[in-house]
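**Student:** This one is target16.txt, compact mmCIF, N, CA and C atoms.
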# COMPACT_ATOMS: atom_id res chain seq x y z
N MET A 30 -1.81 -0.66 19.58
CA MET A 30 -1.83 -1.71 18.59
C MET A 30 -2.57 -1.20 17.34
N THR A 31 -1.98 -1.40 16.19
CA THR A 31 -2.55 -0.93 14.94
C THR A 31 -3.74 -1.80 14.52
N THR A 32 -4.80 -1.15 14.05
CA THR A 32 -5.99 -1.88 13.60
C THR A 32 -6.41 -1.39 12.22
N ILE A 33 -7.37 -2.07 11.66
CA ILE A 33 -7.93 -1.70 10.36
C ILE A 33 -8.41 -0.25 10.36
N GLU A 34 -8.91 0.23 11.48
CA GLU A 34 -9.40 1.61 11.55
C GLU A 34 -8.29 2.64 11.31
N ASP A 35 -7.02 2.22 11.44
CA ASP A 35 -5.90 3.13 11.23
C ASP A 35 -5.54 3.31 9.76
N LEU A 36 -6.15 2.52 8.87
CA LEU A 36 -5.92 2.67 7.44
C LEU A 36 -6.52 3.99 6.98
N LYS A 37 -5.94 4.55 5.94
CA LYS A 37 -6.42 5.84 5.47
C LYS A 37 -6.22 5.96 3.97
N ILE A 38 -7.26 6.43 3.29
CA ILE A 38 -7.14 6.79 1.88
C ILE A 38 -6.81 8.28 1.85
N ILE A 39 -5.70 8.61 1.21
CA ILE A 39 -5.33 10.02 1.11
C ILE A 39 -5.60 10.53 -0.30
N GLN A 40 -5.96 11.78 -0.38
CA GLN A 40 -6.16 12.45 -1.66
C GLN A 40 -4.85 13.14 -2.03
N ILE A 41 -4.35 12.80 -3.19
CA ILE A 41 -3.13 13.43 -3.69
C ILE A 41 -3.56 14.62 -4.53
N PRO A 42 -2.99 15.79 -4.27
CA PRO A 42 -3.41 16.98 -5.03
C PRO A 42 -3.38 16.72 -6.54
N LYS A 43 -4.44 17.16 -7.20
CA LYS A 43 -4.61 16.94 -8.64
C LYS A 43 -4.79 18.30 -9.31
N ILE A 44 -3.94 18.57 -10.26
CA ILE A 44 -4.02 19.81 -11.03
C ILE A 44 -4.66 19.47 -12.37
N HIS A 45 -5.85 20.01 -12.59
CA HIS A 45 -6.60 19.75 -13.83
C HIS A 45 -6.02 20.61 -14.95
N ASP A 46 -5.86 20.00 -16.11
CA ASP A 46 -5.36 20.72 -17.27
C ASP A 46 -5.93 20.02 -18.50
N PRO A 47 -6.40 20.76 -19.49
CA PRO A 47 -6.96 20.11 -20.69
C PRO A 47 -5.93 19.24 -21.42
N ARG A 48 -4.66 19.47 -21.19
CA ARG A 48 -3.61 18.67 -21.82
C ARG A 48 -3.33 17.39 -21.06
N GLY A 49 -3.92 17.22 -19.88
CA GLY A 49 -3.70 16.06 -19.03
C GLY A 49 -3.51 16.51 -17.60
N ASN A 50 -3.92 15.68 -16.68
CA ASN A 50 -3.84 16.03 -15.25
C ASN A 50 -2.46 15.76 -14.69
N LEU A 51 -2.16 16.43 -13.59
CA LEU A 51 -0.88 16.30 -12.90
C LEU A 51 -1.15 16.15 -11.41
N SER A 52 -0.53 15.17 -10.78
CA SER A 52 -0.62 15.02 -9.33
C SER A 52 0.77 15.14 -8.75
N VAL A 53 0.85 15.76 -7.56
CA VAL A 53 2.14 16.04 -6.93
C VAL A 53 2.11 15.55 -5.48
N ILE A 54 3.18 14.86 -5.09
CA ILE A 54 3.34 14.45 -3.69
C ILE A 54 4.54 15.21 -3.16
N GLU A 55 4.27 16.16 -2.29
CA GLU A 55 5.32 16.95 -1.66
C GLU A 55 4.80 17.47 -0.33
N GLY A 56 5.68 18.08 0.44
CA GLY A 56 5.26 18.67 1.71
C GLY A 56 4.63 17.67 2.64
N ASP A 57 3.41 17.97 3.10
CA ASP A 57 2.77 17.14 4.11
C ASP A 57 1.68 16.21 3.54
N VAL A 58 1.77 15.87 2.27
CA VAL A 58 0.80 14.93 1.69
C VAL A 58 0.90 13.58 2.42
N LEU A 59 2.12 13.14 2.70
CA LEU A 59 2.35 11.91 3.47
C LEU A 59 2.84 12.28 4.86
N PRO A 60 2.49 11.48 5.87
CA PRO A 60 2.92 11.79 7.24
C PRO A 60 4.34 11.30 7.56
N TYR A 61 5.13 11.02 6.53
CA TYR A 61 6.49 10.54 6.72
C TYR A 61 7.33 10.95 5.53
N ARG A 62 8.64 10.89 5.72
CA ARG A 62 9.58 11.17 4.64
C ARG A 62 9.75 9.91 3.80
N ILE A 63 9.71 10.05 2.49
CA ILE A 63 9.86 8.91 1.59
C ILE A 63 11.34 8.53 1.52
N GLU A 64 11.63 7.26 1.83
CA GLU A 64 13.00 6.74 1.78
C GLU A 64 13.21 5.75 0.65
N ARG A 65 12.09 5.18 0.16
CA ARG A 65 12.21 4.18 -0.91
C ARG A 65 10.97 4.25 -1.78
N VAL A 66 11.19 4.14 -3.08
CA VAL A 66 10.10 4.12 -4.05
C VAL A 66 10.30 2.87 -4.91
N TYR A 67 9.23 2.09 -5.06
CA TYR A 67 9.28 0.97 -5.99
C TYR A 67 7.90 0.78 -6.59
N TYR A 68 7.84 0.00 -7.65
CA TYR A 68 6.56 -0.21 -8.30
C TYR A 68 6.44 -1.62 -8.84
N LEU A 69 5.21 -2.09 -8.86
CA LEU A 69 4.87 -3.42 -9.37
C LEU A 69 4.16 -3.23 -10.70
N TYR A 70 4.52 -4.03 -11.68
CA TYR A 70 3.88 -3.95 -12.98
C TYR A 70 3.99 -5.30 -13.69
N ASP A 71 3.23 -5.48 -14.75
CA ASP A 71 3.18 -6.76 -15.48
C ASP A 71 2.82 -7.92 -14.55
N VAL A 72 1.98 -7.64 -13.55
CA VAL A 72 1.55 -8.69 -12.63
C VAL A 72 0.39 -9.45 -13.30
N PRO A 73 0.52 -10.77 -13.45
CA PRO A 73 -0.58 -11.53 -14.04
C PRO A 73 -1.86 -11.38 -13.22
N SER A 74 -3.00 -11.40 -13.89
CA SER A 74 -4.29 -11.16 -13.21
C SER A 74 -4.59 -12.20 -12.14
N ASP A 75 -4.00 -13.38 -12.25
CA ASP A 75 -4.27 -14.43 -11.25
C ASP A 75 -3.17 -14.51 -10.18
N ALA A 76 -2.25 -13.56 -10.17
CA ALA A 76 -1.15 -13.57 -9.20
C ALA A 76 -1.47 -12.66 -8.02
N ALA A 77 -0.78 -12.92 -6.91
CA ALA A 77 -0.89 -12.08 -5.71
C ALA A 77 0.51 -11.59 -5.34
N ARG A 78 0.58 -10.37 -4.85
CA ARG A 78 1.83 -9.79 -4.37
C ARG A 78 1.63 -9.44 -2.90
N GLY A 79 2.69 -8.98 -2.26
CA GLY A 79 2.60 -8.65 -0.84
C GLY A 79 2.71 -9.91 -0.01
N GLY A 80 1.70 -10.17 0.81
CA GLY A 80 1.75 -11.33 1.67
C GLY A 80 2.73 -11.14 2.81
N HIS A 81 2.67 -9.97 3.44
CA HIS A 81 3.57 -9.67 4.55
C HIS A 81 3.03 -8.47 5.34
N ALA A 82 3.70 -8.20 6.45
CA ALA A 82 3.44 -7.00 7.25
C ALA A 82 4.81 -6.38 7.56
N HIS A 83 4.79 -5.12 7.95
CA HIS A 83 6.02 -4.43 8.35
C HIS A 83 5.97 -4.11 9.84
N LYS A 84 7.13 -4.22 10.47
CA LYS A 84 7.24 -3.87 11.90
C LYS A 84 7.36 -2.36 12.09
N GLU A 85 8.11 -1.69 11.22
CA GLU A 85 8.39 -0.26 11.39
C GLU A 85 7.99 0.60 10.20
N GLN A 86 8.11 0.07 9.00
CA GLN A 86 7.89 0.89 7.81
C GLN A 86 6.42 1.19 7.56
N LEU A 87 6.17 2.41 7.13
CA LEU A 87 4.86 2.84 6.65
C LEU A 87 4.92 2.81 5.13
N GLU A 88 3.79 2.54 4.51
CA GLU A 88 3.75 2.52 3.05
C GLU A 88 2.48 3.18 2.54
N CYS A 89 2.60 3.78 1.38
CA CYS A 89 1.47 4.33 0.66
C CYS A 89 1.44 3.66 -0.71
N LEU A 90 0.31 3.03 -1.04
CA LEU A 90 0.14 2.35 -2.32
C LEU A 90 -0.75 3.21 -3.22
N ILE A 91 -0.32 3.35 -4.48
CA ILE A 91 -1.06 4.17 -5.45
C ILE A 91 -1.18 3.37 -6.74
N ALA A 92 -2.38 3.32 -7.30
CA ALA A 92 -2.60 2.71 -8.61
C ALA A 92 -2.31 3.78 -9.66
N LEU A 93 -1.11 3.77 -10.19
CA LEU A 93 -0.76 4.77 -11.21
C LEU A 93 -1.50 4.52 -12.51
N SER A 94 -1.76 3.25 -12.77
CA SER A 94 -2.48 2.86 -13.98
C SER A 94 -3.26 1.60 -13.67
N GLY A 95 -4.42 1.44 -14.26
CA GLY A 95 -5.22 0.24 -14.04
C GLY A 95 -5.76 0.18 -12.63
N SER A 96 -5.98 -1.05 -12.18
CA SER A 96 -6.56 -1.26 -10.84
C SER A 96 -6.05 -2.55 -10.23
N PHE A 97 -6.21 -2.63 -8.91
CA PHE A 97 -5.90 -3.84 -8.15
C PHE A 97 -6.60 -3.73 -6.80
N SER A 98 -6.66 -4.84 -6.10
CA SER A 98 -7.28 -4.88 -4.77
C SER A 98 -6.22 -5.16 -3.72
N VAL A 99 -6.46 -4.63 -2.52
CA VAL A 99 -5.55 -4.85 -1.40
C VAL A 99 -6.37 -5.44 -0.26
N LEU A 100 -6.03 -6.66 0.14
CA LEU A 100 -6.64 -7.30 1.31
C LEU A 100 -5.78 -6.92 2.50
N LEU A 101 -6.42 -6.33 3.52
CA LEU A 101 -5.72 -5.84 4.71
C LEU A 101 -6.25 -6.55 5.93
N ASP A 102 -5.36 -6.89 6.85
CA ASP A 102 -5.70 -7.72 8.00
C ASP A 102 -4.92 -7.22 9.21
N ASP A 103 -5.64 -6.94 10.32
CA ASP A 103 -4.95 -6.50 11.53
C ASP A 103 -4.80 -7.61 12.56
N GLY A 104 -5.10 -8.84 12.15
CA GLY A 104 -5.02 -9.98 13.06
C GLY A 104 -6.36 -10.36 13.64
N THR A 105 -7.32 -9.44 13.58
CA THR A 105 -8.68 -9.69 14.06
C THR A 105 -9.69 -9.42 12.96
N ASN A 106 -9.53 -8.30 12.28
CA ASN A 106 -10.46 -7.88 11.24
C ASN A 106 -9.76 -7.78 9.90
N GLN A 107 -10.55 -7.98 8.84
CA GLN A 107 -10.04 -7.84 7.48
C GLN A 107 -10.92 -6.88 6.70
N THR A 108 -10.30 -6.23 5.73
CA THR A 108 -11.06 -5.39 4.79
C THR A 108 -10.35 -5.45 3.45
N ARG A 109 -11.09 -5.17 2.42
CA ARG A 109 -10.54 -5.14 1.06
C ARG A 109 -10.76 -3.75 0.49
N VAL A 110 -9.69 -3.19 -0.09
CA VAL A 110 -9.74 -1.86 -0.68
C VAL A 110 -9.35 -1.98 -2.15
N GLY A 111 -10.16 -1.43 -3.02
CA GLY A 111 -9.82 -1.37 -4.43
C GLY A 111 -9.18 -0.04 -4.75
N LEU A 112 -8.09 -0.08 -5.48
CA LEU A 112 -7.40 1.14 -5.89
C LEU A 112 -7.44 1.24 -7.42
N ASN A 113 -7.85 2.40 -7.92
CA ASN A 113 -7.91 2.59 -9.37
C ASN A 113 -7.79 4.06 -9.79
N LYS A 114 -7.38 4.92 -8.88
CA LYS A 114 -7.24 6.35 -9.20
C LYS A 114 -5.82 6.81 -8.85
N PRO A 115 -5.11 7.41 -9.81
CA PRO A 115 -3.73 7.82 -9.53
C PRO A 115 -3.60 9.02 -8.59
N ASN A 116 -4.73 9.61 -8.21
CA ASN A 116 -4.65 10.72 -7.26
C ASN A 116 -5.18 10.31 -5.88
N GLN A 117 -5.21 9.00 -5.62
CA GLN A 117 -5.55 8.48 -4.29
C GLN A 117 -4.50 7.47 -3.86
N GLY A 118 -4.16 7.51 -2.59
CA GLY A 118 -3.19 6.56 -2.06
C GLY A 118 -3.75 5.87 -0.82
N LEU A 119 -3.38 4.64 -0.64
CA LEU A 119 -3.76 3.88 0.54
C LEU A 119 -2.59 3.90 1.50
N LEU A 120 -2.76 4.57 2.63
CA LEU A 120 -1.74 4.67 3.65
C LEU A 120 -1.85 3.47 4.59
N ILE A 121 -0.82 2.64 4.63
CA ILE A 121 -0.84 1.43 5.45
C ILE A 121 0.13 1.61 6.62
N PRO A 122 -0.39 1.62 7.84
CA PRO A 122 0.49 1.75 9.01
C PRO A 122 1.23 0.44 9.29
N THR A 123 2.11 0.47 10.25
CA THR A 123 2.85 -0.73 10.63
C THR A 123 1.88 -1.76 11.22
N GLY A 124 2.29 -3.02 11.18
CA GLY A 124 1.52 -4.08 11.83
C GLY A 124 0.24 -4.46 11.13
N ILE A 125 0.14 -4.18 9.82
CA ILE A 125 -1.03 -4.58 9.04
C ILE A 125 -0.55 -5.53 7.94
N TRP A 126 -1.16 -6.71 7.91
CA TRP A 126 -0.85 -7.68 6.86
C TRP A 126 -1.52 -7.21 5.57
N ARG A 127 -0.80 -7.30 4.45
CA ARG A 127 -1.37 -6.89 3.19
C ARG A 127 -1.06 -7.91 2.10
N SER A 128 -2.04 -8.08 1.21
CA SER A 128 -1.89 -8.93 0.04
C SER A 128 -2.59 -8.23 -1.11
N LEU A 129 -1.91 -8.10 -2.23
CA LEU A 129 -2.45 -7.42 -3.40
C LEU A 129 -2.82 -8.45 -4.45
N ASP A 130 -4.00 -8.29 -5.06
CA ASP A 130 -4.43 -9.21 -6.10
C ASP A 130 -5.39 -8.52 -7.05
N ASP A 131 -5.95 -9.29 -7.96
CA ASP A 131 -6.95 -8.80 -8.92
C ASP A 131 -6.40 -7.63 -9.75
N PHE A 132 -5.16 -7.79 -10.23
CA PHE A 132 -4.53 -6.76 -11.05
C PHE A 132 -5.16 -6.72 -12.44
N SER A 133 -5.54 -5.54 -12.90
CA SER A 133 -6.04 -5.39 -14.26
C SER A 133 -4.86 -5.40 -15.22
N SER A 134 -5.16 -5.60 -16.48
CA SER A 134 -4.13 -5.53 -17.50
C SER A 134 -3.52 -4.13 -17.51
N GLY A 135 -2.20 -4.04 -17.48
CA GLY A 135 -1.51 -2.76 -17.49
C GLY A 135 -1.45 -2.04 -16.16
N ALA A 136 -1.88 -2.71 -15.07
CA ALA A 136 -1.85 -2.06 -13.76
C ALA A 136 -0.42 -1.78 -13.31
N VAL A 137 -0.25 -0.63 -12.68
CA VAL A 137 1.03 -0.26 -12.08
C VAL A 137 0.74 0.20 -10.65
N CYS A 138 1.38 -0.46 -9.68
CA CYS A 138 1.23 -0.11 -8.28
C CYS A 138 2.52 0.57 -7.81
N LEU A 139 2.41 1.84 -7.45
CA LEU A 139 3.54 2.59 -6.91
C LEU A 139 3.50 2.47 -5.40
N VAL A 140 4.66 2.20 -4.79
CA VAL A 140 4.76 2.11 -3.34
C VAL A 140 5.77 3.14 -2.85
N LEU A 141 5.32 3.98 -1.92
CA LEU A 141 6.17 4.99 -1.30
C LEU A 141 6.38 4.57 0.15
N SER A 142 7.61 4.20 0.49
CA SER A 142 7.90 3.62 1.79
C SER A 142 8.70 4.59 2.67
N SER A 143 8.48 4.47 3.97
CA SER A 143 9.18 5.33 4.92
C SER A 143 10.58 4.84 5.24
N GLY A 144 10.97 3.67 4.74
CA GLY A 144 12.29 3.14 5.05
C GLY A 144 12.89 2.39 3.87
N ARG A 145 14.18 2.23 3.93
CA ARG A 145 14.88 1.44 2.93
C ARG A 145 14.60 -0.03 3.19
N PHE A 146 14.91 -0.87 2.21
CA PHE A 146 14.67 -2.30 2.38
C PHE A 146 15.52 -2.86 3.50
N GLU A 147 14.84 -3.50 4.46
CA GLU A 147 15.51 -4.22 5.54
C GLU A 147 14.70 -5.48 5.79
N GLU A 148 15.27 -6.61 5.48
CA GLU A 148 14.55 -7.88 5.63
C GLU A 148 14.03 -8.07 7.05
N ALA A 149 14.76 -7.58 8.04
CA ALA A 149 14.34 -7.74 9.44
C ALA A 149 13.05 -6.99 9.75
N ASP A 150 12.65 -6.05 8.90
CA ASP A 150 11.42 -5.29 9.13
C ASP A 150 10.18 -6.05 8.65
N TYR A 151 10.38 -7.10 7.87
CA TYR A 151 9.26 -7.86 7.31
C TYR A 151 8.82 -8.98 8.23
N ILE A 152 7.52 -9.19 8.29
CA ILE A 152 6.94 -10.40 8.87
C ILE A 152 6.34 -11.13 7.67
N ARG A 153 6.95 -12.24 7.27
CA ARG A 153 6.57 -12.91 6.03
C ARG A 153 5.68 -14.13 6.24
N GLU A 154 5.57 -14.61 7.46
CA GLU A 154 4.72 -15.77 7.74
C GLU A 154 3.50 -15.30 8.53
N TYR A 155 2.32 -15.68 8.06
CA TYR A 155 1.09 -15.23 8.70
C TYR A 155 1.01 -15.69 10.16
N ALA A 156 1.47 -16.89 10.45
CA ALA A 156 1.46 -17.39 11.83
C ALA A 156 2.33 -16.50 12.73
N ASP A 157 3.47 -16.07 12.22
CA ASP A 157 4.34 -15.17 12.99
C ASP A 157 3.67 -13.80 13.19
N PHE A 158 2.93 -13.35 12.18
CA PHE A 158 2.18 -12.10 12.27
C PHE A 158 1.16 -12.19 13.40
N LEU A 159 0.40 -13.28 13.42
CA LEU A 159 -0.61 -13.45 14.48
C LEU A 159 0.06 -13.51 15.86
N THR A 160 1.18 -14.17 15.97
CA THR A 160 1.91 -14.24 17.24
C THR A 160 2.34 -12.83 17.67
N ALA A 161 2.87 -12.06 16.72
CA ALA A 161 3.30 -10.69 17.05
C ALA A 161 2.12 -9.83 17.50
N LYS A 162 0.93 -10.14 17.00
CA LYS A 162 -0.28 -9.41 17.37
C LYS A 162 -0.90 -9.94 18.66
N GLY A 163 -0.31 -10.98 19.23
CA GLY A 163 -0.86 -11.55 20.47
C GLY A 163 -2.06 -12.42 20.24
N ARG A 164 -2.18 -13.00 19.08
CA ARG A 164 -3.34 -13.85 18.75
C ARG A 164 -2.97 -15.31 18.81
Turn the structure described in the file into structure tokens.

**Tutor:**
Amino acid sequence: MTTIEDLKIIQIPKIHDPRGNLSVIEGDVLPYRIERVYYLYDVPSDAARGGHAHKEQLECLIALSGSFSVLLDDGTNQTRVGLNKPNQGLLIPTGIWRSLDDFSSGAVCLVLSSGRFEEADYIREYADFLTAKGR
């Protein structure tokens, strides 16, 4: 059973250059093959995104610009992670409820997913999430 302890902040390789930094995601930076890429932007500061868990898909969230917070819940424990560095990613395993909020002006959240969109992979109701977790 997946728990909060399974969350991981990964360091994305950063190439320093006086003209601007470059980060690259290739090879074994992620423990899965990327099947879908999407991003959130122009999110009002008082809005929340996410509000779901995945049954099979793994995701890595990266703050490409600005900052935001991610509330993570394994059905028993909760933690909040702030993201604000484009060379760090939050690796979220399956079976973790996530909600994103506190978006700064100009924030961009990049999501690298292990699977294509499949509605059946989502748990969108918190009560159903707790039931799936045996709570």

**Student:** If we count only N, CA and C atoms and set the cut-off at 6.5 Å, which residues sit around range 30-35 of chain A, ignoring sequence neighbours fewer than 4 positions away in its own chain? Please answer as a PyMOL selection string.

**Tutor:** chain A and resi 102-103+106+120+122-124

**Student:** Rounded to one decimal place, report the atom N of Asp150 in chain A-CA of Leu90 in chain A distance in Å.

**Tutor:**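 That distance, rounded to one decimal, is 18.8 Å.
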
**Student:** Counting only C-alpha atoms, which of A:Asp131, A:Glu55, A:Asp46, A:Glu64 gets nearest to Ala77 in chain A?

**Tutor:**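 Residue with the minimum atom-to-atom distance to Ala77 in chain A: A:Asp131.
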
**Student:** Taking all atoms listed in the file into account, which of A:Phe132, A:Phe158, A:Phe146, A:Tyr151 comes nearest Val72 in chain A?

**Tutor:**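 Distance minimum relative to Val72 in chain A lands on A:Phe132.
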
**Student:** May I have all residues of range 74-110 of chain A that DSSP, computed from the backbone, assigns to strand (DSSP E or B), given as a PyMOL selection string?

**Tutor:** chain A and resi 78-83+88-94+97-102+107-110

**Student:** Just want the 10 Å neighbourhood of Leu69 in chain A, counted on only C-alpha atoms, with same-chain residues fewer than 4 positions away dropped. Output as a list in words.

**Tutor:** Arg78, Ala92, Ala136, Val137, Cys138, Leu139 and Val140 of chain A

**Student:** List every protein, DNA or RNA residue that has at least one atom no more than 7 Å from (-6.1, 0.2, -16.0) in the file's coordinates, counting all atoms listed in the file, and write the result as a VMD selection string.

**Tutor:** chain A and resid 94 to 96 133 to 137

**Student:** Take atom C of Ala76 in chain A and atom C of Gly144 in chain A and report the distance between them in Å, one decimal.

**Tutor:**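 Going from atom C of Ala76 in chain A over to atom C of Gly144 in chain A covers 24.0 Å.
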
**Student:** Considering all atoms listed in the file, can you say which of A:Ile91, A:Ala82, A:Leu141, A:Leu101 comes closest to Gly118 in chain A?

**Tutor:**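 Distance minimum relative to Gly118 in chain A lands on A:Ile91.
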
**Student:** Using Å and a single decimal, report how far atom C of Leu87 in chain A sits from atom N of Arg164 in chain A.

**Tutor:**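 Atom-to-atom, atom N of Arg164 in chain A to atom C of Leu87 in chain A, that is 22.2 Å.
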
**Student:** When you count only C-alpha atoms, which of these residues is closest to Pro115 in chain A: A:Lys43, A:Lys37, A:Arg127, A:Lys84?

**Tutor:**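 Answer, going by the shortest atom-to-atom distance: A:Lys43.
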